[in-house]
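Q: Take a look at target_38.cif, mmCIF, C-alpha atoms and all ligand atoms:
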data_entry
loop_
_atom_site.label_atom_id
_atom_site.label_comp_id
_atom_site.auth_asym_id
_atom_site.auth_seq_id
_atom_site.Cartn_x
_atom_site.Cartn_y
_atom_site.Cartn_z
CA ALA A 24 -3.08 -5.79 -29.52
CA GLY A 25 -2.71 -3.33 -26.66
CA LYS A 26 -1.56 -0.06 -28.23
CA VAL A 27 -1.97 2.82 -25.80
CA GLU A 28 -2.17 6.46 -26.90
CA PHE A 29 -2.35 9.63 -24.85
CA ARG A 30 -3.21 12.57 -27.11
CA ASP A 31 -2.86 16.06 -25.69
CA VAL A 32 -4.27 14.95 -22.34
CA HIS A 33 -5.24 17.69 -19.90
CA PHE A 34 -6.23 16.90 -16.36
CA SER A 35 -6.71 18.48 -12.96
CA TYR A 36 -8.18 17.07 -9.77
CA ASP A 37 -9.46 20.52 -8.89
CA PRO A 38 -10.06 23.45 -11.27
CA ASN A 39 -7.38 25.80 -9.99
CA ARG A 40 -4.44 23.44 -10.28
CA LYS A 41 -3.48 21.76 -13.55
CA ILE A 42 -1.81 18.40 -13.09
CA LEU A 43 -1.32 17.29 -16.73
CA LYS A 44 -0.88 20.11 -19.24
CA GLY A 45 -1.19 18.43 -22.62
CA ILE A 46 0.57 15.07 -22.52
CA SER A 47 1.01 13.05 -25.72
CA PHE A 48 2.71 9.70 -26.10
CA ASP A 49 2.21 6.36 -27.84
CA VAL A 50 3.00 2.93 -26.52
CA PRO A 51 3.01 0.63 -29.55
CA ALA A 52 1.63 -2.87 -28.90
CA GLY A 53 4.21 -4.97 -27.09
CA LYS A 54 6.59 -2.07 -26.43
CA THR A 55 7.65 -0.50 -23.14
CA VAL A 56 7.45 3.18 -22.31
CA ALA A 57 8.83 4.46 -19.03
CA ILE A 58 7.58 7.57 -17.31
CA VAL A 59 10.08 9.10 -14.94
CA GLY A 60 10.19 12.34 -13.05
CA PRO A 61 10.17 13.87 -9.61
CA SER A 62 7.54 13.12 -7.01
CA GLY A 63 4.37 15.10 -7.69
CA ALA A 64 5.04 15.39 -11.43
CA GLY A 65 1.83 13.52 -12.32
CA LYS A 66 3.15 10.03 -13.04
CA SER A 67 0.62 8.03 -11.02
CA THR A 68 -2.12 10.28 -12.33
CA ILE A 69 -1.38 8.88 -15.80
CA SER A 70 -1.97 5.36 -14.43
CA ARG A 71 -5.25 6.38 -12.79
CA LEU A 72 -6.42 8.02 -16.02
CA LEU A 73 -5.69 4.90 -18.07
CA PHE A 74 -7.99 2.98 -15.68
CA ARG A 75 -10.46 5.84 -16.10
CA PHE A 76 -10.70 6.47 -12.39
CA TYR A 77 -11.14 10.09 -13.44
CA ASP A 78 -12.32 11.75 -16.64
CA ILE A 79 -9.90 13.99 -18.48
CA GLN A 80 -10.72 17.61 -19.27
CA GLY A 81 -9.09 17.67 -22.69
CA GLY A 82 -7.53 15.36 -25.24
CA LYS A 83 -8.03 11.64 -25.68
CA ILE A 84 -6.84 8.35 -24.29
CA LEU A 85 -7.07 5.45 -26.72
CA ILE A 86 -6.51 1.71 -26.47
CA ASP A 87 -6.13 0.07 -29.85
CA GLY A 88 -7.57 3.21 -31.38
CA GLU A 89 -10.70 3.16 -29.23
CA ASP A 90 -11.46 6.04 -26.88
CA ILE A 91 -11.47 4.60 -23.34
CA ARG A 92 -14.68 6.54 -22.69
CA ASP A 93 -16.35 4.05 -25.04
CA VAL A 94 -14.90 1.00 -23.27
CA THR A 95 -16.70 -0.58 -20.32
CA GLN A 96 -14.98 -0.49 -16.94
CA GLU A 97 -15.00 -4.29 -17.06
CA SER A 98 -13.07 -4.64 -20.30
CA LEU A 99 -10.72 -1.86 -19.25
CA ARG A 100 -9.84 -3.80 -16.11
CA ALA A 101 -9.49 -7.00 -18.07
CA ALA A 102 -7.11 -5.33 -20.52
CA ILE A 103 -4.75 -3.82 -17.96
CA GLY A 104 -2.69 -5.56 -15.30
CA MET A 105 -1.33 -3.47 -12.49
CA VAL A 106 1.62 -3.98 -10.18
CA PRO A 107 1.60 -1.15 -7.64
CA GLN A 108 4.36 -0.13 -5.23
CA ASP A 109 2.78 -1.93 -2.29
CA THR A 110 0.52 -4.84 -3.03
CA VAL A 111 -2.34 -5.05 -0.56
CA LEU A 112 -3.49 -8.61 0.04
CA PHE A 113 -7.06 -9.59 0.84
CA ASN A 114 -8.14 -11.66 3.82
CA ASP A 115 -8.10 -14.94 1.95
CA THR A 116 -5.50 -17.48 0.88
CA ILE A 117 -2.56 -16.41 -1.22
CA ALA A 118 -3.97 -18.66 -3.95
CA TYR A 119 -7.19 -16.61 -3.83
CA ASN A 120 -5.17 -13.42 -3.95
CA ILE A 121 -3.48 -14.69 -7.11
CA ARG A 122 -6.80 -15.78 -8.59
CA TYR A 123 -8.39 -12.37 -7.90
CA GLY A 124 -9.38 -10.93 -11.27
CA ARG A 125 -9.56 -14.39 -12.89
CA ILE A 126 -11.93 -16.16 -10.51
CA ASP A 127 -12.62 -18.79 -13.18
CA ALA A 128 -8.98 -19.93 -13.38
CA SER A 129 -8.24 -23.58 -12.61
CA GLU A 130 -6.28 -24.57 -9.50
CA GLU A 131 -3.61 -25.95 -11.78
CA ASP A 132 -3.21 -22.57 -13.55
CA VAL A 133 -3.05 -20.74 -10.22
CA ARG A 134 -0.35 -23.13 -9.03
CA LYS A 135 1.66 -22.70 -12.26
CA ALA A 136 1.46 -18.91 -12.03
CA ALA A 137 2.61 -19.09 -8.40
CA GLU A 138 5.55 -21.29 -9.37
CA LEU A 139 6.59 -19.02 -12.23
CA ALA A 140 6.52 -16.09 -9.82
CA GLN A 141 8.44 -18.23 -7.28
CA ILE A 142 5.81 -17.96 -4.61
CA GLY A 143 4.67 -21.59 -4.96
CA PRO A 144 5.17 -23.32 -1.60
CA PHE A 145 2.75 -21.46 0.66
CA ILE A 146 -0.20 -20.46 -1.50
CA GLU A 147 -2.75 -22.16 0.74
CA ARG A 148 -1.80 -19.90 3.67
CA LEU A 149 -3.43 -16.62 4.60
CA PRO A 150 -1.34 -13.44 4.46
CA ASP A 151 0.05 -11.71 7.54
CA GLY A 152 -2.46 -10.04 9.86
CA TYR A 153 -5.17 -12.60 9.21
CA ARG A 154 -6.06 -15.74 11.14
CA SER A 155 -7.71 -18.85 9.74
CA MET A 156 -10.82 -20.53 11.18
CA VAL A 157 -8.61 -23.05 12.97
CA GLY A 158 -6.54 -20.25 14.50
CA GLU A 159 -3.52 -20.57 12.25
CA ARG A 160 -1.74 -17.23 11.97
CA GLY A 161 -1.27 -15.58 8.61
CA LEU A 162 2.09 -15.89 6.91
CA LYS A 163 4.40 -12.91 7.17
CA LEU A 164 5.35 -12.03 3.59
CA SER A 165 8.29 -9.76 2.81
CA GLY A 166 7.82 -6.83 0.43
CA GLY A 167 9.41 -8.89 -2.34
CA GLU A 168 7.10 -11.85 -1.70
CA LYS A 169 4.06 -9.58 -1.87
CA GLN A 170 5.28 -8.29 -5.22
CA ARG A 171 5.62 -11.92 -6.32
CA VAL A 172 1.95 -12.44 -5.45
CA ALA A 173 1.10 -9.43 -7.66
CA ILE A 174 3.32 -10.88 -10.40
CA ALA A 175 1.64 -14.30 -10.16
CA ARG A 176 -1.73 -12.52 -10.43
CA THR A 177 -0.53 -10.82 -13.60
CA ILE A 178 0.83 -14.05 -15.09
CA LEU A 179 -2.55 -15.67 -14.52
CA LYS A 180 -4.51 -12.70 -15.82
CA ALA A 181 -2.24 -12.35 -18.89
CA PRO A 182 -3.46 -8.85 -19.81
CA PRO A 183 -2.28 -7.24 -23.07
CA ILE A 184 -1.31 -4.09 -21.14
CA LEU A 185 0.80 -3.89 -18.01
CA MET A 186 1.11 -0.92 -15.68
CA LEU A 187 4.05 -1.02 -13.28
CA ASP A 188 3.76 1.89 -10.85
CA GLU A 189 6.98 2.07 -8.83
CA ALA A 190 6.66 -1.70 -8.50
CA THR A 191 10.17 -2.14 -7.10
CA SER A 192 10.80 1.16 -5.37
CA ALA A 193 9.84 -0.01 -1.87
CA LEU A 194 12.35 -2.89 -2.00
CA ASP A 195 15.98 -3.16 -0.94
CA SER A 196 18.40 -3.20 -3.86
CA HIS A 197 19.00 -6.97 -3.91
CA THR A 198 15.26 -7.76 -3.83
CA GLU A 199 14.66 -4.96 -6.33
CA GLN A 200 16.90 -6.73 -8.85
CA GLU A 201 15.15 -10.07 -8.33
CA ILE A 202 11.68 -8.58 -8.71
CA GLN A 203 12.84 -6.50 -11.68
CA ALA A 204 13.98 -9.70 -13.41
CA ALA A 205 10.58 -11.30 -12.77
CA LEU A 206 8.80 -8.19 -14.07
CA ASP A 207 10.98 -8.18 -17.20
CA LEU A 208 9.76 -11.70 -17.96
CA VAL A 209 6.11 -10.78 -17.39
CA SER A 210 6.34 -7.67 -19.57
CA GLN A 211 7.78 -9.60 -22.53
CA GLY A 212 5.42 -9.14 -25.46
CA ARG A 213 3.03 -6.92 -23.47
CA THR A 214 2.43 -3.24 -23.88
CA THR A 215 4.07 -1.94 -20.73
CA ILE A 216 4.04 1.40 -18.99
CA VAL A 217 6.66 1.66 -16.27
CA ILE A 218 6.42 4.46 -13.76
CA ALA A 219 9.73 5.04 -12.03
CA HIS A 220 11.57 7.56 -9.98
CA ARG A 221 15.01 7.12 -11.44
CA LEU A 222 16.27 6.84 -15.02
CA SER A 223 18.71 4.09 -14.00
CA THR A 224 15.89 1.59 -13.36
CA VAL A 225 14.39 1.82 -16.88
CA ILE A 226 17.44 1.40 -19.11
CA SER A 227 15.80 -1.11 -21.46
CA ALA A 228 12.56 0.84 -22.14
CA ASP A 229 11.86 1.56 -25.82
CA GLU A 230 11.14 5.16 -24.90
CA ILE A 231 11.56 7.16 -21.72
CA ILE A 232 9.38 10.16 -21.02
CA VAL A 233 10.58 12.64 -18.46
CA LEU A 234 7.59 14.28 -16.82
CA GLN A 235 8.07 17.55 -15.01
CA ASP A 236 5.33 19.67 -13.55
CA GLY A 237 2.66 18.03 -15.73
CA GLN A 238 4.58 18.40 -18.99
CA ILE A 239 6.95 16.23 -20.99
CA ALA A 240 10.34 17.81 -20.41
CA GLU A 241 12.34 15.28 -22.43
CA ARG A 242 11.88 12.01 -24.25
CA GLY A 243 14.07 9.40 -25.91
CA THR A 244 15.90 6.18 -25.32
CA HIS A 245 18.06 5.85 -22.23
CA ALA A 246 21.19 6.20 -24.38
CA ALA A 247 19.89 9.35 -26.07
CA LEU A 248 18.89 10.96 -22.77
CA MET A 249 22.29 10.12 -21.27
CA ARG A 250 24.05 11.79 -24.23
CA LYS A 251 22.07 14.97 -23.62
CA ALA A 252 22.72 14.99 -19.89
P1 LIG B 1 3.71 11.36 -9.01
O1 LIG B 1 3.16 9.98 -9.27
O2 LIG B 1 4.53 11.90 -10.15
O3 LIG B 1 4.44 11.49 -7.72
P2 LIG B 1 0.90 12.08 -8.80
O4 LIG B 1 0.36 11.81 -10.15
O5 LIG B 1 0.63 11.09 -7.73
O6 LIG B 1 2.47 12.37 -8.91
O7 LIG B 1 0.37 13.48 -8.30
C1 LIG B 1 0.52 14.66 -9.07
C2 LIG B 1 -0.05 15.83 -8.26
O8 LIG B 1 -1.43 15.64 -8.09
C3 LIG B 1 0.55 15.94 -6.87
O9 LIG B 1 0.80 17.27 -6.60
C4 LIG B 1 -0.51 15.40 -5.98
O10 LIG B 1 -0.48 16.02 -4.73
C5 LIG B 1 -1.77 15.73 -6.72
N1 LIG B 1 -2.83 14.75 -6.44
C6 LIG B 1 -2.72 13.40 -6.56
N2 LIG B 1 -3.89 12.80 -6.26
C7 LIG B 1 -4.77 13.79 -5.98
C8 LIG B 1 -6.15 13.82 -5.61
N3 LIG B 1 -6.85 12.71 -5.48
N4 LIG B 1 -6.71 15.04 -5.37
C9 LIG B 1 -6.00 16.18 -5.51
N5 LIG B 1 -4.69 16.23 -5.86
C10 LIG B 1 -4.09 15.05 -6.08
P1 LIG B 2 -7.22 -6.33 -11.35
O1 LIG B 2 -6.65 -6.60 -9.99
O2 LIG B 2 -7.98 -7.45 -11.93
O3 LIG B 2 -6.15 -5.81 -12.28
P2 LIG B 2 -8.81 -4.22 -10.07
O4 LIG B 2 -10.28 -4.42 -9.93
O5 LIG B 2 -8.00 -4.42 -8.83
O6 LIG B 2 -8.30 -5.14 -11.29
O7 LIG B 2 -8.57 -2.73 -10.58
C1 LIG B 2 -7.61 -2.42 -11.58
C2 LIG B 2 -6.28 -2.00 -10.98
O8 LIG B 2 -6.28 -0.67 -10.52
C3 LIG B 2 -5.83 -2.84 -9.82
O9 LIG B 2 -4.80 -3.71 -10.20
C4 LIG B 2 -5.37 -1.88 -8.76
O10 LIG B 2 -4.11 -2.21 -8.22
C5 LIG B 2 -5.27 -0.58 -9.53
N1 LIG B 2 -5.46 0.57 -8.68
C6 LIG B 2 -6.21 0.67 -7.56
N2 LIG B 2 -6.14 1.88 -7.06
C7 LIG B 2 -5.32 2.61 -7.88
C8 LIG B 2 -4.87 3.97 -7.90
N3 LIG B 2 -5.22 4.85 -6.97
N4 LIG B 2 -4.06 4.35 -8.91
C9 LIG B 2 -3.70 3.48 -9.86
N5 LIG B 2 -4.09 2.20 -9.88
C10 LIG B 2 -4.90 1.76 -8.91
#
Written as structure tokens, how would this file's structure read?
Ligand code: ADP
Ligand code: ADP
A:
Amino acid sequence: AGKVEFRDVHFSYDPNRKILKGISFDVPAGKTVAIVGPSGAGKSTISRLLFRFYDIQGGKILIDGEDIRDVTQESLRAAIGMVPQDTVLFNDTIAYNIRYGRIDASEEDVRKAAELAQIGPFIERLPDGYRSMVGERGLKLSGGEKQRVAIARTILKAPPILMLDEATSALDSHTEQEIQAALDLVSQGRTTIVIAHRLSTVISADEIIVLQDGQIAERGTHAALMRKA
């Protein structure tokens, strides 16, 4: 389960400027499609539309053949996991931050998810910028550690669909590789949409879509796109 389809999707935030001008693509269940393109091309808009933060003006977005307009916001959120560029942590323990979205999860499952994401040791601490009731300062997490919290959250949530929106682009290249490896594990067997700036970071995607000015300029595997270039 988890097939995603965009069919001739048209969208603008305001009437006199079209952002998506008829975008069509399929992400078969369990496969990975990458969306690359310059800043402002409309990549993150695609992610917002899948969550139905906005309604589209033309076309259809389907999950497992069902129009997302007919899906409740609740089940949409349950179906899609999101790792954004910068994970914002709430004023509560890191364990709570991992549990967010699966409040019913057992402590044991939270701990396991944290260990898999390699953020295990300090999950009872608060994040940076917060102070506990006994005056203990929040723990300063690096960008990579914050992404590990988001990854642990996704492991626990285990959604059929995963949206990675520039999830590694704020990291230095060494950390980027580590987090990329963790994301590769999480995306195994899940329908995954990867939004990225550069073609070089999405080599293993089943299909790459190059978005330019709200339209699909090119599409294919990494190898095929490299042959054309
Ligand atoms: P990308 O992710 O490819 O950088 P976005 O999808 O974020 O691009 O944005 C596409 C275009 O839509 C940009 O020109 C951006 O300025 C515009 N845009 C994004 N969000 C809004 C908004 N809430 N209201 C109006 N315009 C927006
Ligand atoms: P959950 O954390 O359980 O996945 P949320 O209630 O946080 O669900 O909402 C769904 C997702 O939408 C979140 O993961 C959040 O990161 C993401 N999100 C929030 N704002 C935006 C945005 N402007 N564009 C794309 N995704 C967003």
Q: If you count all atoms listed in the file, which residues fall within 10 Å of Leu112 (chain A), apart from same-chain ones fewer than 3 positions away, as a compact mmCIF listing (two decimals) with C-alpha atoms, in the coordinates of the input?
A:
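And here is the file that came out, out_23.txt:
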# COMPACT_ATOMS: atom_id res chain seq x y z
CA ASP A 109 2.78 -1.93 -2.29
CA ASP A 115 -8.10 -14.94 1.95
CA THR A 116 -5.50 -17.48 0.88
CA ILE A 117 -2.56 -16.41 -1.22
CA TYR A 119 -7.19 -16.61 -3.83
CA ASN A 120 -5.17 -13.42 -3.95
CA ILE A 121 -3.48 -14.69 -7.11
CA LEU A 149 -3.43 -16.62 4.60
CA PRO A 150 -1.34 -13.44 4.46
CA ASP A 151 0.05 -11.71 7.54
CA GLY A 152 -2.46 -10.04 9.86
CA LYS A 169 4.06 -9.58 -1.87
CA VAL A 172 1.95 -12.44 -5.45
CA ALA A 173 1.10 -9.43 -7.66
Q: Quick one: residues within 10 Å of Leu185 (chain A), all atoms listed in the file counted, chain neighbours fewer than 6 positions away excluded, as a VMD selection string?
A: chain A and resid 25 53 55 102 to 106 177 206 209 to 210 213 to 217
Q: Using all atoms listed in the file, what does the table of chain A residues within 12 Å of ligand LIG 1 (chain B) look like, with each row giving the shortest atom pair and its distance in Å to one decimal, sorted by chain and ascending number, as a tab-separated table?
A:
residue	atom	partner	partner_atom	distance
A:Phe34	CA	B:LIG1	O8	9.6
A:Ser35	CA	B:LIG1	N5	7.7
A:Tyr36	CA	B:LIG1	C9	4.9
A:Asp37	CA	B:LIG1	C9	6.5
A:Pro38	CA	B:LIG1	C9	10.1
A:Asn39	CA	B:LIG1	C9	10.7
A:Arg40	CA	B:LIG1	N5	8.5
A:Lys41	CA	B:LIG1	O8	8.5
A:Ile42	CA	B:LIG1	O8	5.7
A:Leu43	CA	B:LIG1	C1	8.3
A:Lys44	CA	B:LIG1	C1	11.6
A:Ile58	CA	B:LIG1	O2	8.9
A:Val59	CA	B:LIG1	O2	7.8
A:Gly60	CA	B:LIG1	O2	6.4
A:Pro61	CA	B:LIG1	O2	6.0
A:Ser62	CA	B:LIG1	O3	3.6
A:Gly63	CA	B:LIG1	O6	3.5
A:Ala64	CA	B:LIG1	O2	3.8
A:Gly65	CA	B:LIG1	O4	3.1
A:Lys66	CA	B:LIG1	O2	3.7
A:Ser67	CA	B:LIG1	O1	3.6
A:Thr68	CA	B:LIG1	O4	3.6
A:Ile69	CA	B:LIG1	O4	6.6
A:Ser70	CA	B:LIG1	O4	8.1
A:Arg71	CA	B:LIG1	O4	8.2
A:Leu72	CA	B:LIG1	O4	9.7
A:Phe76	CA	B:LIG1	N3	10.1
A:Tyr77	CA	B:LIG1	N3	9.4
A:Pro107	CA	B:LIG1	O1	11.4
A:Gln108	CA	B:LIG1	O1	11.0
A:Leu187	CA	B:LIG1	O1	11.7
A:Asp188	CA	B:LIG1	O1	8.3
A:Glu189	CA	B:LIG1	O1	8.8
A:Val217	CA	B:LIG1	O1	11.4
A:Ile218	CA	B:LIG1	O1	7.8
A:Ala219	CA	B:LIG1	O1	8.7
A:His220	CA	B:LIG1	O2	8.3
A:Arg221	CA	B:LIG1	O2	11.6
A:Val233	CA	B:LIG1	O2	10.3
A:Leu234	CA	B:LIG1	O2	7.7
A:Gln235	CA	B:LIG1	O2	8.3
A:Asp236	CA	B:LIG1	C1	8.3
A:Gly237	CA	B:LIG1	C1	7.8
A:Gln238	CA	B:LIG1	O2	11.0
A:Ile239	CA	B:LIG1	O2	11.9
Q: So which one's closest to Gln80 (chain A), A:His33, A:Val157, A:Leu99, A:Ala228? Using all atoms listed in the file, please.
A: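 Between A:His33, A:Val157, A:Leu99, A:Ala228, the residue approaching Gln80 (chain A) most closely is A:His33.
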Q: Taking 6 positions as the minimum chain separation for residues in the same chain, which residues sit within 9 Å of region 125-137 of chain A when counting all atoms listed in the file? Answer as a compact mmCIF listing (two decimals) with C-alpha atoms, in the frame of the given file.
A:
# COMPACT_ATOMS: atom_id res chain seq x y z
CA ALA A 118 -3.97 -18.66 -3.95
CA TYR A 119 -7.19 -16.61 -3.83
CA GLY A 143 4.67 -21.59 -4.96
CA PRO A 144 5.17 -23.32 -1.60
CA ILE A 146 -0.20 -20.46 -1.50
CA ARG A 171 5.62 -11.92 -6.32
CA VAL A 172 1.95 -12.44 -5.45
CA ILE A 174 3.32 -10.88 -10.40
CA ALA A 175 1.64 -14.30 -10.16
CA ARG A 176 -1.73 -12.52 -10.43
CA THR A 177 -0.53 -10.82 -13.60
CA ILE A 178 0.83 -14.05 -15.09
CA LEU A 179 -2.55 -15.67 -14.52
CA LYS A 180 -4.51 -12.70 -15.82
Q: Report the distance between CA of Leu85 (chain A) and atom C5 of ligand LIG 2 (chain B) in Å, rounded to one decimal place.
A: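 Between these atoms lies a distance of 18.3 Å.
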Q: Compile the contact shell of Thr244 (chain A) as a PyMOL selection string: residues with an atom at most 12 Å away, counting only C-alpha atoms, same-chain residues fewer than 3 positions apart removed.
A: chain A and resi 55-58+222-223+225-233+241+247-251
Q: Which residue, A:Lys83, A:Arg30, A:Arg154, A:Arg100, has the smallest gap to ligand LIG 2 (chain B) when you use all atoms listed in the file?
A: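 The closest residue to ligand LIG 2 (chain B) is A:Arg100.
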Q: Could you check which of A:Lys26, A:Arg242, A:Arg75, A:Arg148 is closest to ligand LIG 2 (chain B), using all atoms listed in the file?
A: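 Comparing A:Lys26, A:Arg242, A:Arg75, A:Arg148 against ligand LIG 2 (chain B), the winner is A:Arg75.
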Q: Which distance in Å separates CA of Leu194 (chain A) and atom C2 of ligand LIG 2 (chain B), to one decimal?
A: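 Separation of CA of Leu194 (chain A) and atom C2 of ligand LIG 2 (chain B): 20.7 Å.
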Q: To one decimal place in Å, what is the distance between atom C5 of ligand LIG 2 (chain B) and CA of Met186 (chain A)?
A: 8.9 Å
Q: Let me know the centre plus edge lengths, in Å and rounded to one decimal, of a box with edges along x, y and z that contains all listed atoms of ligand LIG 2 (chain B) and is padded by 6 Å on every side, as JSON.
A:
{"center_x": -7.0, "center_y": -1.3, "center_z": -9.6, "size_x": 18.6, "size_y": 24.3, "size_z": 17.3}
Q: So which one's closest to Leu139 (chain A), A:Leu164, A:Gly81, A:Ala205, A:His197? Using all atoms listed in the file, please.
A: A:Ala205
